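Source file: structure23.cif (mmCIF, C-alpha atoms)
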data_run
loop_
_atom_site.label_atom_id
_atom_site.label_comp_id
_atom_site.auth_asym_id
_atom_site.auth_seq_id
_atom_site.Cartn_x
_atom_site.Cartn_y
_atom_site.Cartn_z
CA MET A 17 -15.58 -37.04 32.65
CA VAL A 18 -15.79 -33.43 33.73
CA MET A 19 -18.23 -32.31 36.41
CA ILE A 20 -19.57 -28.78 36.04
CA ARG A 21 -21.37 -27.09 38.95
CA ALA A 22 -22.86 -23.64 38.33
CA ASP A 23 -26.06 -21.64 38.12
CA LEU A 24 -27.20 -22.89 34.72
CA ALA A 25 -29.61 -19.98 34.26
CA ARG A 26 -26.72 -17.53 34.54
CA ALA A 27 -23.85 -19.49 33.02
CA GLY A 28 -25.61 -21.96 30.71
CA ASP A 29 -24.78 -20.15 27.46
CA ALA A 30 -21.10 -19.86 28.38
CA ILE A 31 -20.97 -23.52 29.41
CA ALA A 32 -22.67 -24.59 26.16
CA ASP A 33 -20.16 -22.59 24.10
CA ALA A 34 -17.20 -24.05 26.00
CA ALA A 35 -18.54 -27.62 25.90
CA GLY A 36 -19.58 -27.43 22.26
CA LEU A 37 -23.01 -28.84 23.14
CA ALA A 38 -26.39 -27.39 24.01
CA ILE A 39 -27.37 -27.45 27.68
CA PRO A 40 -29.68 -30.47 28.05
CA ASP A 41 -33.14 -30.21 29.50
CA PRO A 42 -33.60 -31.69 32.99
CA THR A 43 -33.11 -35.48 33.05
CA ARG A 44 -31.80 -35.43 29.47
CA PHE A 45 -28.48 -35.35 27.63
CA THR A 46 -27.13 -33.88 24.43
CA ALA A 47 -24.45 -35.47 22.27
CA ALA A 48 -22.47 -34.85 19.12
CA GLY A 49 -19.79 -37.19 17.90
CA SER A 50 -17.64 -38.23 20.84
CA ARG A 51 -18.88 -35.43 23.14
CA TRP A 52 -21.74 -35.97 25.60
CA LEU A 53 -23.30 -33.54 28.11
CA GLY A 54 -25.75 -34.79 30.72
CA TRP A 55 -28.03 -32.98 33.19
CA MET A 56 -27.22 -34.39 36.61
CA SER A 57 -29.09 -31.91 38.87
CA PRO A 58 -30.38 -28.32 38.70
CA ASP A 59 -26.82 -26.98 39.09
CA GLU A 60 -24.71 -29.89 37.82
CA LEU A 61 -23.76 -31.18 34.38
CA LEU A 62 -21.45 -34.01 33.38
CA LEU A 63 -19.34 -33.62 30.24
CA ILE A 64 -17.81 -36.72 28.69
CA VAL A 65 -15.08 -36.17 26.10
CA PRO A 66 -12.25 -38.32 24.72
CA GLY A 67 -9.27 -38.44 27.08
CA ALA A 68 -7.08 -36.48 24.68
CA GLU A 69 -9.58 -33.57 24.81
CA ARG A 70 -10.10 -33.55 28.59
CA ALA A 71 -7.49 -30.95 29.58
CA GLU A 72 -8.62 -28.58 26.84
CA ALA A 73 -12.28 -29.04 27.86
CA VAL A 74 -11.50 -28.32 31.52
CA ALA A 75 -9.55 -25.17 30.60
CA ALA A 76 -12.34 -23.92 28.30
CA LEU A 77 -14.98 -24.50 30.97
CA GLU A 78 -12.90 -22.83 33.68
CA GLN A 79 -12.50 -19.81 31.39
CA ALA A 80 -16.24 -19.80 30.63
CA LEU A 81 -17.06 -19.73 34.36
CA MET A 82 -14.55 -17.01 35.20
CA GLY A 83 -16.30 -14.56 37.53
CA GLU A 84 -19.17 -16.99 38.23
CA HIS A 85 -19.68 -19.07 41.34
CA GLY A 86 -18.93 -22.47 39.85
CA LEU A 87 -16.74 -25.54 39.80
CA VAL A 88 -15.13 -27.55 37.03
CA ALA A 89 -13.52 -30.83 38.08
CA ASP A 90 -12.06 -33.76 36.16
CA VAL A 91 -13.80 -36.72 37.84
CA SER A 92 -12.65 -39.38 35.38
CA ASP A 93 -10.55 -41.28 37.92
CA MET A 94 -13.32 -41.44 40.51
CA ARG A 95 -15.95 -42.98 38.22
CA VAL A 96 -16.44 -46.41 36.72
CA VAL A 97 -18.35 -47.08 33.49
CA PHE A 98 -20.26 -50.22 32.54
CA ASP A 99 -21.73 -50.69 29.06
CA LEU A 100 -24.55 -53.22 29.05
CA THR A 101 -25.34 -54.86 25.74
CA GLY A 102 -26.80 -58.12 24.60
CA ARG A 103 -30.21 -59.71 24.59
CA LYS A 104 -32.06 -57.78 27.35
CA PRO A 105 -29.76 -55.32 29.14
CA GLU A 106 -32.67 -53.23 30.47
CA GLN A 107 -33.96 -56.30 32.33
CA ALA A 108 -30.71 -56.61 34.26
CA LEU A 109 -30.95 -52.93 35.17
CA ALA A 110 -34.63 -53.25 36.09
CA LYS A 111 -33.70 -55.85 38.72
CA LEU A 112 -31.43 -53.30 40.38
CA SER A 113 -33.18 -49.95 39.92
CA PRO A 114 -36.71 -48.58 40.37
CA VAL A 115 -36.87 -47.22 36.82
CA ASP A 116 -39.33 -47.81 34.00
CA PHE A 117 -36.64 -48.15 31.35
CA ALA A 118 -39.16 -48.58 28.52
CA ALA A 119 -40.58 -45.13 29.33
CA LEU A 120 -37.20 -43.39 29.35
CA PRO A 121 -36.82 -41.29 26.18
CA ALA A 122 -33.89 -41.88 23.84
CA ASP A 123 -32.09 -38.86 25.32
CA GLY A 124 -33.19 -39.64 28.87
CA LEU A 125 -30.74 -39.76 31.76
CA ARG A 126 -31.70 -41.30 35.07
CA ARG A 127 -29.87 -40.76 38.34
CA THR A 128 -30.93 -43.48 40.71
CA ARG A 129 -29.51 -46.45 42.55
CA ALA A 130 -28.16 -49.76 41.36
CA ALA A 131 -29.06 -51.94 44.35
CA GLN A 132 -27.39 -50.05 47.21
CA VAL A 133 -25.20 -47.53 45.37
CA ALA A 134 -25.77 -44.29 43.50
CA ALA A 135 -25.58 -44.55 39.72
CA ALA A 136 -26.57 -42.79 36.52
CA MET A 137 -27.92 -44.63 33.47
CA TRP A 138 -28.79 -43.84 29.87
CA ARG A 139 -29.19 -45.52 26.50
CA GLN A 140 -25.92 -45.96 24.67
CA GLY A 141 -26.10 -47.38 21.17
CA ASP A 142 -27.95 -50.71 21.33
CA GLY A 143 -27.57 -50.99 25.09
CA TRP A 144 -27.23 -48.97 28.26
CA ARG A 145 -24.41 -47.14 30.01
CA LEU A 146 -24.14 -47.08 33.79
CA ILE A 147 -21.70 -44.94 35.73
CA GLY A 148 -20.96 -45.13 39.42
CA MET A 149 -18.21 -44.44 41.90
CA ARG A 150 -14.96 -46.33 41.31
CA SER A 151 -14.81 -47.26 45.01
CA VAL A 152 -17.77 -49.64 44.48
CA ALA A 153 -16.71 -50.95 41.05
CA GLY A 154 -16.35 -54.55 42.23
CA TYR A 155 -19.78 -54.51 43.84
CA LEU A 156 -21.38 -53.00 40.73
CA ALA A 157 -19.71 -55.57 38.49
CA GLU A 158 -20.94 -58.42 40.69
CA ILE A 159 -24.55 -57.26 40.94
CA LEU A 160 -24.69 -56.58 37.20
CA GLN A 161 -23.34 -60.07 36.45
CA ASN A 162 -25.85 -61.63 38.84
CA ALA A 163 -28.73 -59.62 37.35
CA ALA A 164 -27.76 -60.78 33.86
CA THR A 165 -27.56 -64.47 34.74
CA PRO A 166 -29.00 -66.57 31.89
CA GLY A 167 -32.42 -67.98 32.72
CA SER A 168 -33.33 -65.18 35.12
CA ASP A 169 -35.36 -63.11 32.66
CA LEU A 170 -38.17 -60.97 34.06
CA ASP A 171 -40.06 -61.40 30.79
CA PRO A 172 -39.56 -64.80 29.15
CA ARG A 173 -40.28 -63.42 25.65
#

The structure given in the file should be rewritten as structure tokens.
Amino acid sequence: MVMIRADLARAGDAIADAAGLAIPDPTRFTAAGSRWLGWMSPDELLLIVPGAERAEAVAALEQALMGEHGLVADVSDMRVVFDLTGRKPEQALAKLSPVDFAALPADGLRRTRAAQVAAAMWRQGDGWRLIGMRSVAGYLAEILQNAATPGSDLDPR
């Protein structure tokens, strides 16, 4: 995971070229193959690439932002990733976050909270992906397990 902070109006084209993906619209993401680029805030993007491509991606982005006020940082080690799959993964998330998951478009990205901690969530394949800070990984794992407890469905259908 590579965090990119910059004025997207000024540097968006250079970032897109370096990342190999179009700059996503606000609250959206773009993806191609194993590369994923998400809009995190008006001046922040998150690029996810395979580990073997991370150093090259960081170097390309740093070069693209040369002369711009910006930041490129490998944040892989400070994040934790949970992939939620199964019968009703959005129900587990709905217990923890004030999000209408059914209304989120296929390329929608939501920065919100999972119970008491900051998180980002989006559809991933047949389920959902949640990322948060590694320092609260144990807490996130526990609340996700509790929210997914069999028999605790919000909608019994």

message = Please list as a ChimeraX atom specification every residue within 8 Å of Val74 in chain A, counting all atoms listed in the file and excluding residues in the same chain fewer than 4 positions away.
response = /A:18,70,78,88-90

task = Take CA of Phe117 in chain A and CA of Val96 in chain A and report the distance between them in Å, one decimal.
result =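 Spanning CA of Phe117 in chain A to CA of Val96 in chain A is a straight-line distance of 21.0 Å.
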
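Among the candidates A:Leu87, A:Met17, A:Leu53, A:Leu37, the residue lying nearest to Gly124 in chain A is A:Leu53 (atoms considered: all atoms listed in the file).
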
ask   = Nearest to Leu109 in chain A among A:Ala30, A:Ala76, A:Leu146, A:Ala38, with distances taken over all atoms listed in the file: which residue is it?
value = A:Leu146

ask   = Which is closer to Ala110 in chain A than all the others in A:Ser57, A:Leu81, A:Gly86, A:Leu170, using only C-alpha atoms?
value =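 Closest residue, counting only C-alpha atoms: A:Leu170.
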
query = Quick one: distance from CA of Arg44 in chain A to CA of Leu160 in chain A in Å, one decimal?
reply =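 CA of Leu160 in chain A lies at a distance of 23.6 Å from CA of Arg44 in chain A.
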